[in-house]
file query20.pdb (PDB, C-alpha atoms)
ATOM      1  CA  MET A   1      18.503  -1.056   1.122
ATOM      2  CA  ILE A   2      17.749   2.069   3.112
ATOM      3  CA  ILE A   3      14.105   3.155   3.149
ATOM      4  CA  ASP A   4      13.230   6.589   4.531
ATOM      5  CA  CYS A   5       9.627   6.279   5.734
ATOM      6  CA  HIS A   6       9.060  10.020   6.244
ATOM      7  CA  GLY A   7       9.601  12.579   3.493
ATOM      8  CA  HIS A   8       7.526  15.573   2.368
ATOM      9  CA  TYR A   9       7.480  17.660  -0.799
ATOM     10  CA  THR A  10       8.364  20.831   1.086
ATOM     11  CA  THR A  11      10.071  22.286  -1.991
ATOM     12  CA  ALA A  12       7.147  22.067  -4.428
ATOM     13  CA  PRO A  13       7.191  24.554  -7.336
ATOM     14  CA  ASP A  14       5.864  28.052  -6.705
ATOM     15  CA  ALA A  15       3.045  27.386  -9.162
ATOM     16  CA  HIS A  16       1.599  24.844  -6.743
ATOM     17  CA  GLN A  17       1.381  27.483  -4.009
ATOM     18  CA  LYS A  18      -0.218  29.850  -6.519
ATOM     19  CA  PHE A  19      -3.242  27.546  -6.692
ATOM     20  CA  ARG A  20      -3.471  27.589  -2.905
ATOM     21  CA  ASP A  21      -3.214  31.385  -2.873
ATOM     22  CA  GLN A  22      -6.078  31.539  -5.356
ATOM     23  CA  GLN A  23      -8.146  29.325  -3.077
ATOM     24  CA  MET A  24      -7.458  31.698  -0.199
ATOM     25  CA  ALA A  25      -8.454  34.674  -2.340
ATOM     26  CA  LYS A  26     -11.710  32.950  -3.261
ATOM     27  CA  LEU A  27     -12.482  32.400   0.427
ATOM     28  CA  LYS A  28     -12.058  36.109   1.090
ATOM     29  CA  ASP A  29     -13.993  37.172  -2.006
ATOM     30  CA  PRO A  30     -16.694  34.747  -3.192
ATOM     31  CA  LEU A  31     -16.890  36.710  -6.454
ATOM     32  CA  ALA A  32     -13.271  35.919  -7.298
ATOM     33  CA  PRO A  33     -12.664  33.400 -10.106
ATOM     34  CA  THR A  34     -12.887  29.733  -9.184
ATOM     35  CA  PRO A  35      -9.278  28.535  -8.956
ATOM     36  CA  THR A  36      -7.903  25.580 -10.867
ATOM     37  CA  PRO A  37      -4.517  23.894 -10.324
ATOM     38  CA  THR A  38      -1.740  25.832 -12.013
ATOM     39  CA  ARG A  39       0.148  24.081 -14.762
ATOM     40  CA  ILE A  40       3.506  22.704 -13.590
ATOM     41  CA  SER A  41       6.037  21.337 -16.052
ATOM     42  CA  ASP A  42       8.155  18.230 -15.540
ATOM     43  CA  ASP A  43      11.224  20.450 -15.628
ATOM     44  CA  GLU A  44       9.906  22.504 -12.698
ATOM     45  CA  ILE A  45       9.458  19.312 -10.709
ATOM     46  CA  ARG A  46      12.928  18.091 -11.639
ATOM     47  CA  GLU A  47      14.414  21.427 -10.595
ATOM     48  CA  THR A  48      12.857  21.307  -7.139
ATOM     49  CA  ILE A  49      13.541  17.609  -6.508
ATOM     50  CA  GLU A  50      17.041  17.232  -7.913
ATOM     51  CA  LYS A  51      18.437  20.212  -6.008
ATOM     52  CA  ASN A  52      16.826  19.188  -2.752
ATOM     53  CA  GLN A  53      15.379  15.788  -1.800
ATOM     54  CA  LEU A  54      17.157  13.733  -4.452
ATOM     55  CA  LYS A  55      20.474  15.479  -3.849
ATOM     56  CA  LEU A  56      20.289  14.890  -0.106
ATOM     57  CA  GLN A  57      19.052  11.348  -0.563
ATOM     58  CA  LYS A  58      22.153  10.502  -2.603
ATOM     59  CA  GLU A  59      24.553  12.405  -0.348
ATOM     60  CA  ARG A  60      23.262  10.766   2.815
ATOM     61  CA  GLY A  61      22.978   7.240   1.464
ATOM     62  CA  ALA A  62      19.237   6.554   1.362
ATOM     63  CA  ASP A  63      17.728   4.531  -1.480
ATOM     64  CA  ILE A  64      14.015   5.275  -1.491
ATOM     65  CA  THR A  65      11.812   7.815   0.283
ATOM     66  CA  VAL A  66       8.177   7.361   1.245
ATOM     67  CA  PHE A  67       7.013  10.728  -0.059
ATOM     68  CA  SER A  68       3.925  12.779   0.751
ATOM     69  CA  PRO A  69       2.661  16.363   0.394
ATOM     70  CA  ARG A  70       3.992  19.026   2.744
ATOM     71  CA  ALA A  71       2.366  18.325   6.095
ATOM     72  CA  SER A  72       2.126  21.907   7.340
ATOM     73  CA  ALA A  73       0.432  22.920   4.089
ATOM     74  CA  MET A  74      -2.412  20.413   4.439
ATOM     75  CA  ALA A  75      -4.079  23.050   6.668
ATOM     76  CA  HIS A  76      -7.336  21.161   7.052
ATOM     77  CA  HIS A  77      -8.750  23.985   9.167
ATOM     78  CA  VAL A  78      -8.717  26.364   6.176
ATOM     79  CA  GLY A  79     -11.862  26.705   4.081
ATOM     80  CA  ASP A  80     -14.601  24.118   3.748
ATOM     81  CA  GLU A  81     -14.778  20.532   2.582
ATOM     82  CA  GLU A  82     -14.830  21.508  -1.088
ATOM     83  CA  VAL A  83     -11.646  23.565  -0.695
ATOM     84  CA  SER A  84      -9.921  20.722   1.148
ATOM     85  CA  GLN A  85     -10.958  18.169  -1.470
ATOM     86  CA  ALA A  86      -9.579  20.267  -4.344
ATOM     87  CA  TRP A  87      -6.325  21.098  -2.550
ATOM     88  CA  THR A  88      -5.773  17.492  -1.486
ATOM     89  CA  ARG A  89      -6.311  16.143  -4.967
ATOM     90  CA  ALA A  90      -3.843  18.656  -6.430
ATOM     91  CA  CYS A  91      -1.257  17.763  -3.769
ATOM     92  CA  ASN A  92      -1.584  14.030  -4.318
ATOM     93  CA  ASP A  93      -1.490  14.359  -8.097
ATOM     94  CA  LEU A  94       1.773  16.293  -7.754
ATOM     95  CA  ILE A  95       3.302  13.537  -5.614
ATOM     96  CA  LYS A  96       2.271  11.022  -8.273
ATOM     97  CA  ARG A  97       4.190  13.030 -10.865
ATOM     98  CA  VAL A  98       7.312  12.995  -8.679
ATOM     99  CA  VAL A  99       7.050   9.234  -8.292
ATOM    100  CA  ASP A 100       6.560   8.766 -12.037
ATOM    101  CA  LEU A 101       9.651  10.871 -12.775
ATOM    102  CA  TYR A 102      11.777   9.120 -10.142
ATOM    103  CA  PRO A 103      10.256   5.665  -9.562
ATOM    104  CA  GLU A 104      13.502   4.239  -8.178
ATOM    105  CA  ASN A 105      13.772   6.977  -5.541
ATOM    106  CA  PHE A 106      10.255   7.804  -4.334
ATOM    107  CA  VAL A 107       6.994   6.055  -3.517
ATOM    108  CA  GLY A 108       3.816   7.945  -2.700
ATOM    109  CA  VAL A 109       1.786   8.443   0.464
ATOM    110  CA  CYS A 110      -1.351  10.557   0.273
ATOM    111  CA  GLN A 111      -2.755  13.572   2.023
ATOM    112  CA  LEU A 112      -6.418  13.287   3.014
ATOM    113  CA  PRO A 113      -9.214  15.831   2.442
ATOM    114  CA  GLN A 114     -10.163  16.213   6.082
ATOM    115  CA  SER A 115     -12.164  19.144   7.442
ATOM    116  CA  PRO A 116     -13.346  19.996  10.969
ATOM    117  CA  GLY A 117     -16.778  18.554  11.652
ATOM    118  CA  VAL A 118     -16.869  16.537   8.424
ATOM    119  CA  PRO A 119     -17.225  12.747   8.745
ATOM    120  CA  ILE A 120     -13.959  10.937   8.051
ATOM    121  CA  SER A 121     -15.897   8.663   5.717
ATOM    122  CA  HIS A 122     -15.726  11.522   3.227
ATOM    123  CA  SER A 123     -11.963  10.917   2.996
ATOM    124  CA  VAL A 124     -12.326   7.279   1.984
ATOM    125  CA  ARG A 125     -12.719   8.023  -1.710
ATOM    126  CA  GLU A 126      -9.400   9.895  -1.926
ATOM    127  CA  LEU A 127      -7.593   7.127  -0.057
ATOM    128  CA  GLU A 128      -8.976   4.573  -2.478
ATOM    129  CA  ARG A 129      -8.074   6.706  -5.506
ATOM    130  CA  SER A 130      -4.562   7.272  -4.191
ATOM    131  CA  VAL A 131      -3.914   3.593  -3.548
ATOM    132  CA  ARG A 132      -5.740   1.952  -6.454
ATOM    133  CA  GLU A 133      -5.167   4.571  -9.169
ATOM    134  CA  LEU A 134      -2.015   6.419  -8.132
ATOM    135  CA  GLY A 135      -0.208   3.416  -6.681
ATOM    136  CA  PHE A 136       0.380   4.962  -3.247
ATOM    137  CA  ILE A 137       1.279   2.774  -0.282
ATOM    138  CA  GLY A 138      -0.249   4.618   2.680
ATOM    139  CA  CYS A 139      -1.674   7.883   3.975
ATOM    140  CA  ASN A 140      -1.108  10.697   6.443
ATOM    141  CA  LEU A 141      -3.994  10.896   8.906
ATOM    142  CA  ASN A 142      -4.543  14.138  10.829
ATOM    143  CA  PRO A 143      -6.016  13.514  14.312
ATOM    144  CA  ASP A 144      -6.725  17.255  14.664
ATOM    145  CA  PRO A 145      -8.166  18.840  11.495
ATOM    146  CA  SER A 146      -9.018  21.942  13.541
ATOM    147  CA  GLY A 147      -5.379  23.033  13.545
ATOM    148  CA  GLY A 148      -4.511  23.005  17.225
ATOM    149  CA  HIS A 149      -7.925  23.237  18.888
ATOM    150  CA  TRP A 150      -8.559  19.471  19.068
ATOM    151  CA  THR A 151     -12.236  19.368  18.230
ATOM    152  CA  ALA A 152     -12.181  15.869  16.690
ATOM    153  CA  PRO A 153     -12.955  12.736  18.714
ATOM    154  CA  PRO A 154     -10.042  10.558  19.898
ATOM    155  CA  LEU A 155      -8.566   8.206  17.317
ATOM    156  CA  THR A 156     -10.162   5.291  19.157
ATOM    157  CA  ASP A 157     -13.676   6.691  18.687
ATOM    158  CA  LYS A 158     -16.015   4.989  16.207
ATOM    159  CA  HIS A 159     -16.063   8.278  14.292
ATOM    160  CA  TRP A 160     -12.874   6.989  12.610
ATOM    161  CA  TYR A 161     -14.012   3.416  11.986
ATOM    162  CA  PRO A 162     -15.231   3.817   8.369
ATOM    163  CA  PHE A 163     -11.765   5.023   7.432
ATOM    164  CA  TYR A 164     -10.020   2.256   9.367
ATOM    165  CA  GLU A 165     -12.151  -0.308   7.578
ATOM    166  CA  LYS A 166     -10.871   0.966   4.238
ATOM    167  CA  MET A 167      -7.278   1.018   5.507
ATOM    168  CA  VAL A 168      -7.567  -2.640   6.468
ATOM    169  CA  GLU A 169      -9.218  -3.516   3.169
ATOM    170  CA  LEU A 170      -6.421  -1.829   1.209
ATOM    171  CA  ASP A 171      -3.747  -3.106   3.620
ATOM    172  CA  VAL A 172      -2.133   0.317   4.072
ATOM    173  CA  PRO A 173      -0.822   2.027   7.212
ATOM    174  CA  ALA A 174      -1.347   5.625   8.269
ATOM    175  CA  MET A 175       1.210   8.020   9.625
ATOM    176  CA  ILE A 176      -0.386  10.094  12.383
ATOM    177  CA  HIS A 177       0.532  13.593  11.246
ATOM    178  CA  VAL A 178      -1.045  16.905  12.164
ATOM    179  CA  SER A 179      -0.734  19.995  10.002
ATOM    180  CA  ALA A 180      -0.277  23.702  10.681
ATOM    181  CA  SER A 181      -1.324  25.161  14.025
ATOM    182  CA  CYS A 182      -3.690  28.131  14.075
ATOM    183  CA  ASN A 183      -3.552  28.174  17.890
ATOM    184  CA  PRO A 184      -0.843  30.633  19.028
ATOM    185  CA  ASN A 185      -0.174  28.508  22.093
ATOM    186  CA  PHE A 186       1.306  25.747  19.947
ATOM    187  CA  HIS A 187       4.228  26.290  17.626
ATOM    188  CA  ALA A 188       3.606  23.974  14.678
ATOM    189  CA  THR A 189       6.741  21.829  14.504
ATOM    190  CA  GLY A 190       8.102  22.473  17.994
ATOM    191  CA  ALA A 191       4.929  21.867  19.982
ATOM    192  CA  HIS A 192       1.866  20.914  17.928
ATOM    193  CA  TYR A 193       3.562  18.012  16.130
ATOM    194  CA  ILE A 194       5.112  16.540  19.266
ATOM    195  CA  ASN A 195       1.892  17.091  21.235
ATOM    196  CA  ALA A 196      -0.054  15.186  18.605
ATOM    197  CA  ASP A 197       2.374  12.263  18.538
ATOM    198  CA  THR A 198       2.181  11.923  22.299
ATOM    199  CA  THR A 199      -1.587  12.459  22.426
ATOM    200  CA  ALA A 200      -2.246   9.792  19.799
ATOM    201  CA  PHE A 201      -0.261   7.230  21.756
ATOM    202  CA  MET A 202      -2.174   7.972  24.958
ATOM    203  CA  GLN A 203      -5.459   7.672  23.082
ATOM    204  CA  PHE A 204      -4.431   4.211  21.921
ATOM    205  CA  ILE A 205      -3.645   3.222  25.511
ATOM    206  CA  GLU A 206      -7.031   4.434  26.778
ATOM    207  CA  GLY A 207      -9.017   2.658  24.080
ATOM    208  CA  ASN A 208      -9.301  -0.861  22.722
ATOM    209  CA  LEU A 209      -8.994   0.001  19.046
ATOM    210  CA  PHE A 210      -6.758  -2.883  18.097
ATOM    211  CA  LYS A 211      -9.203  -5.453  19.424
ATOM    212  CA  ASP A 212     -11.602  -4.215  16.758
ATOM    213  CA  PHE A 213      -8.872  -3.766  14.126
ATOM    214  CA  PRO A 214      -6.013  -6.170  14.835
ATOM    215  CA  ALA A 215      -4.495  -5.570  11.375
ATOM    216  CA  LEU A 216      -4.477  -1.764  11.635
ATOM    217  CA  ARG A 217      -1.028  -0.142  11.537
ATOM    218  CA  PHE A 218       0.032   3.375  12.553
ATOM    219  CA  ILE A 219       3.353   5.153  12.399
ATOM    220  CA  ILE A 220       3.800   7.846  15.023
ATOM    221  CA  PRO A 221       6.468  10.181  13.649
ATOM    222  CA  HIS A 222       9.162  12.317  15.266
ATOM    223  CA  GLY A 223      10.385   9.396  17.327
ATOM    224  CA  GLY A 224       7.009   8.920  18.980
ATOM    225  CA  GLY A 225       6.892  12.406  20.474
ATOM    226  CA  ALA A 226       7.504  12.321  24.223
ATOM    227  CA  VAL A 227       6.580   8.652  24.551
ATOM    228  CA  PRO A 228      10.016   6.958  24.665
ATOM    229  CA  TYR A 229      11.307   9.498  27.177
ATOM    230  CA  HIS A 230       8.298   8.830  29.437
ATOM    231  CA  TRP A 231       7.928   5.107  28.721
ATOM    232  CA  GLY A 232       7.622   4.293  32.417
ATOM    233  CA  ARG A 233       4.762   6.764  32.736
ATOM    234  CA  TYR A 234       2.822   5.108  29.920
ATOM    235  CA  ARG A 235       3.484   1.616  31.201
ATOM    236  CA  GLY A 236       2.231   2.794  34.585
ATOM    237  CA  LEU A 237      -0.841   4.490  33.145
ATOM    238  CA  ALA A 238      -1.733   1.365  31.180
ATOM    239  CA  ASP A 239      -1.522  -0.615  34.413
ATOM    240  CA  MET A 240      -3.655   1.919  36.307
ATOM    241  CA  LEU A 241      -6.247   1.852  33.522
ATOM    242  CA  LYS A 242      -6.354  -1.970  33.716
ATOM    243  CA  ARG A 243      -5.041  -2.282  30.183
ATOM    244  CA  PRO A 244      -2.783  -5.118  29.059
ATOM    245  CA  PRO A 245       0.979  -4.495  28.940
ATOM    246  CA  LEU A 246       1.940  -2.107  26.136
ATOM    247  CA  PRO A 247       3.695  -4.697  23.945
ATOM    248  CA  GLU A 248       0.410  -6.597  23.748
ATOM    249  CA  HIS A 249      -2.056  -3.704  23.908
ATOM    250  CA  VAL A 250      -0.504  -1.187  21.494
ATOM    251  CA  MET A 251       2.888  -2.072  20.116
ATOM    252  CA  LYS A 252       1.763  -4.805  17.730
ATOM    253  CA  ASN A 253       0.115  -2.034  15.730
ATOM    254  CA  VAL A 254       2.102   1.148  16.420
ATOM    255  CA  PHE A 255       5.544   2.091  15.123
ATOM    256  CA  PHE A 256       7.867   5.069  15.643
ATOM    257  CA  ASP A 257      10.214   6.668  13.126
ATOM    258  CA  THR A 258      13.720   8.000  13.726
ATOM    259  CA  CYS A 259      13.030  11.703  13.095
ATOM    260  CA  VAL A 260      14.936  12.590  16.239
ATOM    261  CA  TYR A 261      17.695  15.082  15.637
ATOM    262  CA  HIS A 262      20.497  14.195  18.000
ATOM    263  CA  GLN A 263      22.420  11.065  18.943
ATOM    264  CA  PRO A 264      21.289  10.820  22.590
ATOM    265  CA  GLY A 265      17.663  10.887  21.445
ATOM    266  CA  ILE A 266      18.197   8.028  18.998
ATOM    267  CA  ASP A 267      20.183   6.104  21.615
ATOM    268  CA  LEU A 268      17.246   6.438  24.009
ATOM    269  CA  LEU A 269      14.691   5.470  21.348
ATOM    270  CA  VAL A 270      16.502   2.228  20.563
ATOM    271  CA  LYS A 271      17.150   1.447  24.215
ATOM    272  CA  VAL A 272      13.488   1.848  25.195
ATOM    273  CA  ILE A 273      11.494   0.776  22.119
ATOM    274  CA  ASP A 274      11.754  -2.653  20.544
ATOM    275  CA  ILE A 275      13.745  -2.648  17.293
ATOM    276  CA  ASP A 276      10.776  -4.176  15.448
ATOM    277  CA  ASN A 277       8.776  -1.013  16.172
ATOM    278  CA  ILE A 278      11.298   1.470  14.742
ATOM    279  CA  LEU A 279      11.387   2.634  11.119
ATOM    280  CA  PHE A 280      14.132   4.790   9.664
ATOM    281  CA  GLY A 281      12.925   8.282   8.803
ATOM    282  CA  SER A 282      14.504  11.701   8.326
ATOM    283  CA  GLU A 283      11.600  14.050   7.472
ATOM    284  CA  MET A 284      13.947  15.852   5.130
ATOM    285  CA  VAL A 285      13.578  18.410   3.837
ATOM    286  CA  GLY A 286      11.560  19.217   6.908
ATOM    287  CA  ALA A 287      11.214  20.923  10.250
ATOM    288  CA  VAL A 288      14.906  21.370  11.099
ATOM    289  CA  ARG A 289      17.214  22.128   8.190
ATOM    290  CA  GLY A 290      20.327  23.655   9.747
ATOM    291  CA  ILE A 291      23.710  22.292  10.753
ATOM    292  CA  ASP A 292      24.253  21.234  14.351
ATOM    293  CA  PRO A 293      27.153  23.361  15.627
ATOM    294  CA  GLN A 294      28.086  20.614  18.076
ATOM    295  CA  THR A 295      28.667  18.030  15.344
ATOM    296  CA  GLY A 296      29.106  19.962  12.098
ATOM    297  CA  ASN A 297      26.432  17.779  10.473
ATOM    298  CA  TYR A 298      22.857  18.507   9.500
ATOM    299  CA  PHE A 299      20.384  17.893  12.310
ATOM    300  CA  ASP A 300      18.117  15.870   9.985
ATOM    301  CA  ASP A 301      20.858  13.583   8.662
ATOM    302  CA  THR A 302      19.412  10.842  10.820
ATOM    303  CA  LYS A 303      21.210   7.978   9.074
ATOM    304  CA  ARG A 304      24.376   9.046  10.895
ATOM    305  CA  TYR A 305      22.688   8.395  14.221
ATOM    306  CA  ILE A 306      21.628   4.886  13.234
ATOM    307  CA  ASP A 307      25.070   4.110  11.844
ATOM    308  CA  ALA A 308      26.594   5.135  15.191
ATOM    309  CA  LEU A 309      24.368   2.869  17.288
ATOM    310  CA  SER A 310      25.975   0.001  19.205
ATOM    311  CA  ILE A 311      23.598  -2.595  17.799
ATOM    312  CA  SER A 312      24.091  -5.471  15.387
ATOM    313  CA  ALA A 313      24.120  -5.123  11.618
ATOM    314  CA  ALA A 314      20.972  -7.253  11.536
ATOM    315  CA  ASP A 315      19.176  -4.849  13.868
ATOM    316  CA  LYS A 316      20.253  -1.876  11.766
ATOM    317  CA  GLN A 317      18.902  -3.654   8.690
ATOM    318  CA  ARG A 318      15.536  -4.022  10.411
ATOM    319  CA  ILE A 319      15.438  -0.291  11.132
ATOM    320  CA  PHE A 320      16.651   0.715   7.674
ATOM    321  CA  GLU A 321      14.597  -1.719   5.589
ATOM    322  CA  GLY A 322      12.958  -4.758   7.078
ATOM    323  CA  ASN A 323      10.437  -3.045   9.324
ATOM    324  CA  ALA A 324       9.304  -0.649   6.583
ATOM    325  CA  ARG A 325       8.671  -3.531   4.194
ATOM    326  CA  ARG A 326       6.568  -5.219   6.866
ATOM    327  CA  VAL A 327       4.573  -2.095   7.786
ATOM    328  CA  PHE A 328       4.088  -1.084   4.122
ATOM    329  CA  PRO A 329       3.171  -4.341   2.322
ATOM    330  CA  ARG A 330       2.516  -2.479  -0.921
ATOM    331  CA  LEU A 331       6.047  -1.117  -0.845
ATOM    332  CA  ASP A 332       7.369  -4.611  -0.277
ATOM    333  CA  ALA A 333       5.403  -5.805  -3.307
ATOM    334  CA  ILE A 334       6.799  -2.973  -5.453
ATOM    335  CA  LEU A 335      10.358  -3.810  -4.442
ATOM    336  CA  LYS A 336       9.899  -7.541  -4.947
ATOM    337  CA  ALA A 337       8.530  -6.886  -8.434
ATOM    338  CA  ARG A 338      11.831  -5.109  -9.158
ATOM    339  CA  GLY A 339      13.826  -8.019  -7.788
ATOM    340  CA  GLN A 340      14.848  -6.080  -4.667
TER
END

call {"tool": "encode", "arguments": {"input": "query20.pdb", "output": "structure tokens"}}
result
Amino acid sequence: MIIDCHGHYTTAPDAHQKFRDQQMAKLKDPLAPTPTPTRISDDEIRETIEKNQLKLQKERGADITVFSPRASAMAHHVGDEEVSQAWTRACNDLIKRVVDLYPENFVGVCQLPQSPGVPISHSVRELERSVRELGFIGCNLNPDPSGGHWTAPPLTDKHWYPFYEKMVELDVPAMIHVSASCNPNFHATGAHYINADTTAFMQFIEGNLFKDFPALRFIIPHGGGAVPYHWGRYRGLADMLKRPPLPEHVMKNVFFDTCVYHQPGIDLLVKVIDIDNILFGSEMVGAVRGIDPQTGNYFDDTKRYIDALSISAADKQRIFEGNARRVFPRLDAILKARGQ
């Protein structure tokens, strides 16, 4: 089985965006009508999924995608807590409908209703609803709700502990995933995302989070940002900071996906990072959607890169399936219930 740990509903029906546009209009004009989620039919969902994610999933050979709302549209810096709560709930409910229509192909991961300056404990209720009521298997956690200005404490700060406690209780991991950038210095997908991946890893090195939460699990997407390329730097920094070696200090709890869009990058990832810490992911339909003129294949067809690796079939199986089932125990339970 091939499990794609990183997919977003980037092709959601236009009616979904209409609700967001109404929220934006209400922010500009408090006298505007209070928006409510726009009605979306099952056929509209089928149209957007079957011509995009499901089509590509079948063409590229994946079996199931861990599916969440569009990351750049979370936009936690927009509006207040009430706006974020309403938008998040609508996004997660839409993912639930996709999963219900295509239960063999998708499993849900939730967006969180984060807002700058708002305690993360206020996001616990939506995590619990998503897992217990919607059947989701994890969440996307934004380390920078300010949208590129980094006003939140580091992920190792006790600010985050109430949320981590609930993650451990529910036995779900979090993908560390920022949203849109409102800082013109940082292009969203080309800079802000990779910055965040790299920053999160360094925060984990500096802190001692996993002593307090040994069962906590994080996925750092986009191949771990700059971390694999600078692995010697981070090993050296851990040593200078008198931290234990990275395999003991961080890598029992942190995993990278394979959203790296060329073969040399994947080759490096697998050479540097232990196979047990790598989960197959494509992010499709996501940040890079074009065809690589050097290969004639889509940049985000990441399965091709794994297939081409000079590693054993058993190691490829760990990347494609085994590691995801270990990191997402609720997914493993779903698959076992199906006899898979």

call {"tool": "closest_residue", "arguments": {"input": "query20.pdb", "among": "A:Pro329, A:Pro143, A:Gly148, A:Pro154", "to": "A:Leu209", "atoms": "only C-alpha atoms"}}
result
A:Pro154

call {"tool": "closest_atom_pairs", "arguments": {"input": "query20.pdb", "of": "stretch 263-297 of chain A", "to": "stretch 59-78 of chain A", "cutoff": "10 Å", "atoms": "all atoms listed in the file", "output": "Markdown table"}}
result
| residue | atom | partner | partner_atom | distance |
| --- | --- | --- | --- | --- |
| A:Phe280 | CA | A:Ala62 | CA | 9.9 |
| A:Gly281 | CA | A:Thr65 | CA | 8.6 |
| A:Ser282 | CA | A:Thr65 | CA | 9.3 |
| A:Glu283 | CA | A:Phe67 | CA | 9.4 |
| A:Met284 | CA | A:Thr65 | CA | 9.6 |
| A:Val285 | CA | A:Arg70 | CA | 9.7 |
| A:Gly286 | CA | A:Arg70 | CA | 8.6 |
| A:Ala287 | CA | A:Ser72 | CA | 9.6 |

call {"tool": "resolve_selection", "arguments": {"input": "query20.pdb", "expression": "the PyMOL selection byres ((chain A and resi 190) around 12)", "output": "list in words"}}
result
Ala180, Ser181, Asn185, Phe186, His187, Ala188, Thr189, Ala191, His192, Tyr193, Ile194, Asn195, Ala196, Asp197, His222, Gly225, Ala226, Ala287 and Val288 of chain A

call {"tool": "residues_around", "arguments": {"input": "query20.pdb", "residues": "A:Asp171", "least_positions_apart": "2", "cutoff": "8 Å", "atoms": "all atoms listed in the file", "output": "ChimeraX atom specification"}}
result
/A:167-169,173,329-330

call {"tool": "residues_around", "arguments": {"input": "query20.pdb", "residues": "A:Ile176", "least_positions_apart": "4", "cutoff": "9 Å", "atoms": "all atoms listed in the file", "output": "PyMOL selection string"}}
result
chain A and resi 139-143+196-197+200+218-221

call {"tool": "closest_residue", "arguments": {"input": "query20.pdb", "among": "A:Val131, A:Gly207, A:Val178, A:Leu237", "to": "A:Leu155", "atoms": "all atoms listed in the file"}}
result
A:Gly207

call {"tool": "closest_residue", "arguments": {"input": "query20.pdb", "among": "A:Glu206, A:Asp14, A:Asp307, A:Glu82", "to": "A:Gln114", "atoms": "only C-alpha atoms"}}
result
A:Glu82

call {"tool": "closest_residue", "arguments": {"input": "query20.pdb", "among": "A:Gly135, A:Gly236, A:Pro247, A:Pro228", "to": "A:Val272", "atoms": "all atoms listed in the file"}}
result
A:Pro228

call {"tool": "closest_residue", "arguments": {"input": "query20.pdb", "among": "A:Asp300, A:Asp144, A:Asp267, A:Glu47", "to": "A:Val118", "atoms": "only C-alpha atoms"}}
result
A:Asp144

call {"tool": "resolve_selection", "arguments": {"input": "query20.pdb", "expression": "the PyMOL selection byres ((chain A and resi 320) around 8)", "output": "VMD selection string"}}
result
chain A and resid 1 to 4 279 to 280 316 to 319 321 to 324

call {"tool": "resolve_selection", "arguments": {"input": "query20.pdb", "expression": "the PyMOL selection byres ((chain A and resi 130) around 9)", "output": "ChimeraX atom specification"}}
result
/A:92-93,96,108-110,125-129,131-139

call {"tool": "axis_aligned_box", "arguments": {"input": "query20.pdb", "around": "stretch 159-165 of chain A", "padding_each_side": "8 Å", "output": "lines of an AutoDock Vina configuration file"}}
result
center_x = -13.0
center_y = 4.0
center_z = 10.9
size_x = 22.0
size_y = 24.6
size_z = 22.9

call {"tool": "atom_distance", "arguments": {"input": "query20.pdb", "atom1": "atom CA of A:Ile334", "atom2": "atom CA of A:Leu112"}}
result
22.6 Å

call {"tool": "atom_distance", "arguments": {"input": "query20.pdb", "atom1": "atom CA of A:Lys58", "atom2": "atom CA of A:Arg338"}}
result
19.8 Å

call {"tool": "closest_residue", "arguments": {"input": "query20.pdb", "among": "A:Tyr234, A:Phe201, A:Trp150, A:Phe299", "to": "A:Tyr261", "atoms": "all atoms listed in the file"}}
result
A:Phe299

call {"tool": "atom_distance", "arguments": {"input": "query20.pdb", "atom1": "atom CA of A:His6", "atom2": "atom CA of A:Arg97"}}
result
18.0 Å

call {"tool": "residues_around", "arguments": {"input": "query20.pdb", "residues": "A:Arg235", "least_positions_apart": "2", "cutoff": "12 Å", "atoms": "only C-alpha atoms", "output": "list in words"}}
result
Phe201, Met202, Ile205, Glu206, Val227, Pro228, Tyr229, His230, Trp231, Gly232, Arg233, Leu237, Ala238, Asp239, Met240, Leu241, Lys242, Arg243, Pro244, Pro245, Leu246, Pro247, Glu248, His249, Val250, Met251 and Val272 of chain A

call {"tool": "decode", "arguments": {"input": "query20.pdb", "residues": "stretch 12-34 of chain A", "atoms": "C-alpha atoms", "output": "compact mmCIF listing (two decimals), in the first residue's frame"}}
result
# COMPACT_ATOMS: atom_id res chain seq x y z
CA ALA A 12 -12.30 23.08 -3.22
CA PRO A 13 -15.52 24.30 -4.90
CA ASP A 14 -15.88 28.02 -5.55
CA ALA A 15 -18.79 28.13 -3.10
CA HIS A 16 -16.37 27.39 -0.27
CA GLN A 17 -14.30 30.46 -1.16
CA LYS A 18 -17.52 32.49 -1.35
CA PHE A 19 -17.99 31.98 2.39
CA ARG A 20 -14.45 33.19 3.00
CA ASP A 21 -15.05 36.23 0.79
CA GLN A 22 -18.14 37.03 2.84
CA GLN A 23 -16.07 36.83 6.00
CA MET A 24 -13.60 39.29 4.50
CA ALA A 25 -16.43 41.63 3.53
CA LYS A 26 -17.78 41.50 7.08
CA LEU A 27 -14.35 42.46 8.44
CA LYS A 28 -14.30 45.52 6.20
CA ASP A 29 -17.91 46.46 6.92
CA PRO A 30 -19.25 45.40 10.34
CA LEU A 31 -22.77 46.21 9.10
CA ALA A 32 -22.55 43.57 6.37
CA PRO A 33 -24.61 40.39 6.87
CA THR A 34 -23.11 37.72 9.09
